[in-house]
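Working notes for the structure below.
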Amino acid sequence: MRMSKAVECIRCHAQMEVGYLLDATHSGYQQQNWSPGEPKPSFWMGLKLAKDQVLPVTTLKCPRCGYLESYAIPQSQDGVLASGRSSSQRQSLAAVLIGLGLVALMILLGVVFLIRAK
């Protein structure tokens, strides 16, 4: 999120610093995202998402008192809204690859047990 002007802390009136909160995932760290509605469980992905409605969360921090203030505002790059879709797509791909790896491992173990049983 690009702030057009400095934001003042509502508690101590110092100038806020722009940053973001980290989400730890199996593939590393990524910027926190916001999604509308209640969370709905998904067997493969953890939660079902309306990917076109996911917004990256930008957080402001006061350097003096530590107060945090978060915003989920659509970001614009050359007129295109940044919806956080790329991180969701990476998560989807990682989940599919992990699933395929587990299937391949189960097949390999099955073959090994069949060979050893003979």
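As shown in the structure tokens, the chain order sets the letters A, B, ...; within each chain, residues go from 1, and ligands are also counted from 1 in the order they appear.
Look at Leu22 in chain A: the protein and nucleic acid residues within 9 Å of it, using only C-alpha atoms and passing over chain neighbours fewer than 2 places away, are Tyr20, Ala24, Tyr29, Gln30, Gln31 and Gln32 of chain A.
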Report task. Write out as a ChimeraX atom specification all residues of chain A that backbone DSSP assigns to alpha helix (DSSP H). Result -> /A:85-117
**Report entry** DSSP-assigned strand (DSSP E or B) members of range 39-83 of chain A, reported as number ranges by chain
**Finding:** A: 40-42, 46-48, 55-56, 58-61, 68-71, 75-77, 80-82
Now that the selection is made, can you save its residues with N, CA and C atoms as a PDB file, in the first residue's frame?
ATOM      1  N   LYS A  40     -14.094 -20.867   5.676  1.00  0.00           N
ATOM      2  CA  LYS A  40     -14.732 -22.136   5.333  1.00  0.00           C
ATOM      3  C   LYS A  40     -13.638 -23.164   5.110  1.00  0.00           C
ATOM      4  N   PRO A  41     -13.648 -24.266   5.870  1.00  0.00           N
ATOM      5  CA  PRO A  41     -12.594 -25.277   5.750  1.00  0.00           C
ATOM      6  C   PRO A  41     -12.539 -25.899   4.346  1.00  0.00           C
ATOM      7  N   SER A  42     -11.329 -26.211   3.926  1.00  0.00           N
ATOM      8  CA  SER A  42     -11.083 -26.916   2.673  1.00  0.00           C
ATOM      9  C   SER A  42     -10.133 -28.065   2.980  1.00  0.00           C
ATOM     10  N   GLY A  46      -6.790 -26.005   3.373  1.00  0.00           N
ATOM     11  CA  GLY A  46      -6.952 -25.419   4.701  1.00  0.00           C
ATOM     12  C   GLY A  46      -8.195 -24.559   4.777  1.00  0.00           C
ATOM     13  N   LEU A  47      -8.313 -23.577   3.880  1.00  0.00           N
ATOM     14  CA  LEU A  47      -9.493 -22.720   3.800  1.00  0.00           C
ATOM     15  C   LEU A  47      -9.860 -22.480   2.341  1.00  0.00           C
ATOM     16  N   LYS A  48     -11.175 -22.388   2.075  1.00  0.00           N
ATOM     17  CA  LYS A  48     -11.643 -22.016   0.743  1.00  0.00           C
ATOM     18  C   LYS A  48     -11.543 -20.504   0.619  1.00  0.00           C
ATOM     19  N   LEU A  55      -7.112  -9.552  -0.437  1.00  0.00           N
ATOM     20  CA  LEU A  55      -6.332  -8.315  -0.457  1.00  0.00           C
ATOM     21  C   LEU A  55      -5.123  -8.435   0.452  1.00  0.00           C
ATOM     22  N   PRO A  56      -3.966  -7.937   0.016  1.00  0.00           N
ATOM     23  CA  PRO A  56      -2.800  -7.928   0.897  1.00  0.00           C
ATOM     24  C   PRO A  56      -3.022  -6.931   2.032  1.00  0.00           C
ATOM     25  N   THR A  58      -1.516  -4.329   4.669  1.00  0.00           N
ATOM     26  CA  THR A  58      -0.394  -3.461   4.994  1.00  0.00           C
ATOM     27  C   THR A  58      -0.592  -2.976   6.417  1.00  0.00           C
ATOM     28  N   THR A  59       0.459  -2.997   7.208  1.00  0.00           N
ATOM     29  CA  THR A  59       0.369  -2.592   8.607  1.00  0.00           C
ATOM     30  C   THR A  59       1.297  -1.424   8.880  1.00  0.00           C
ATOM     31  N   LEU A  60       0.764  -0.443   9.576  1.00  0.00           N
ATOM     32  CA  LEU A  60       1.560   0.706  10.007  1.00  0.00           C
ATOM     33  C   LEU A  60       1.934   0.493  11.464  1.00  0.00           C
ATOM     34  N   LYS A  61       3.171   0.875  11.821  1.00  0.00           N
ATOM     35  CA  LYS A  61       3.665   0.721  13.194  1.00  0.00           C
ATOM     36  C   LYS A  61       4.201   2.053  13.684  1.00  0.00           C
ATOM     37  N   LEU A  68      -0.020  -0.745  16.362  1.00  0.00           N
ATOM     38  CA  LEU A  68      -0.144  -1.266  14.996  1.00  0.00           C
ATOM     39  C   LEU A  68      -1.525  -0.933  14.445  1.00  0.00           C
ATOM     40  N   GLU A  69      -1.561  -0.594  13.155  1.00  0.00           N
ATOM     41  CA  GLU A  69      -2.799  -0.271  12.470  1.00  0.00           C
ATOM     42  C   GLU A  69      -2.725  -0.935  11.091  1.00  0.00           C
ATOM     43  N   SER A  70      -3.707  -1.790  10.765  1.00  0.00           N
ATOM     44  CA  SER A  70      -3.648  -2.548   9.517  1.00  0.00           C
ATOM     45  C   SER A  70      -4.706  -2.088   8.526  1.00  0.00           C
ATOM     46  N   TYR A  71      -4.355  -2.192   7.221  1.00  0.00           N
ATOM     47  CA  TYR A  71      -5.243  -1.814   6.133  1.00  0.00           C
ATOM     48  C   TYR A  71      -5.218  -2.886   5.053  1.00  0.00           C
ATOM     49  N   GLN A  75      -4.292  -2.538  -4.065  1.00  0.00           N
ATOM     50  CA  GLN A  75      -3.126  -1.805  -4.531  1.00  0.00           C
ATOM     51  C   GLN A  75      -3.154  -1.753  -6.050  1.00  0.00           C
ATOM     52  N   SER A  76      -2.637  -0.696  -6.596  1.00  0.00           N
ATOM     53  CA  SER A  76      -2.652  -0.511  -8.035  1.00  0.00           C
ATOM     54  C   SER A  76      -1.231  -0.495  -8.583  1.00  0.00           C
ATOM     55  N   GLN A  77      -1.026  -1.302  -9.616  1.00  0.00           N
ATOM     56  CA  GLN A  77       0.234  -1.279 -10.357  1.00  0.00           C
ATOM     57  C   GLN A  77      -0.139  -1.176 -11.828  1.00  0.00           C
ATOM     58  N   VAL A  80      -3.790  -2.061 -12.605  1.00  0.00           N
ATOM     59  CA  VAL A  80      -4.280  -3.411 -12.331  1.00  0.00           C
ATOM     60  C   VAL A  80      -4.323  -3.616 -10.829  1.00  0.00           C
ATOM     61  N   LEU A  81      -5.424  -4.111 -10.325  1.00  0.00           N
ATOM     62  CA  LEU A  81      -5.540  -4.353  -8.897  1.00  0.00           C
ATOM     63  C   LEU A  81      -4.700  -5.554  -8.500  1.00  0.00           C
ATOM     64  N   ALA A  82      -3.947  -5.393  -7.439  1.00  0.00           N
ATOM     65  CA  ALA A  82      -3.155  -6.496  -6.891  1.00  0.00           C
ATOM     66  C   ALA A  82      -4.002  -7.170  -5.827  1.00  0.00           C
TER      67      ALA A  82
END
Query raised in the report: Which neighbours of Cys65 in chain A fall inside 9 Å, counting only C-alpha atoms, when residues of the same chain fewer than 5 positions from it are skipped, and could you give them as number ranges by chain?
Result: A: 9, 11-12, 14
Generate a file of the selected residues that holds N, CA and C atoms, formatted as a compact mmCIF listing (two decimals), in the first residue's frame.
# COMPACT_ATOMS: atom_id res chain seq x y z
N CYS A 9 0.19 8.54 14.46
CA CYS A 9 -0.28 7.59 15.46
C CYS A 9 -1.41 8.23 16.27
N ARG A 11 -2.35 7.41 19.16
CA ARG A 11 -2.06 7.37 20.60
C ARG A 11 -1.01 8.39 21.03
N CYS A 12 0.12 8.46 20.31
CA CYS A 12 1.20 9.37 20.75
C CYS A 12 1.56 10.42 19.70
N ALA A 14 3.17 10.27 16.86
CA ALA A 14 4.40 10.12 16.08
C ALA A 14 4.03 9.68 14.66
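In this comparison, which uses only C-alpha atoms, the residue of A:Leu108, A:Met45, A:Pro39, A:Val54 approaching Val96 in chain A most closely is A:Met45.
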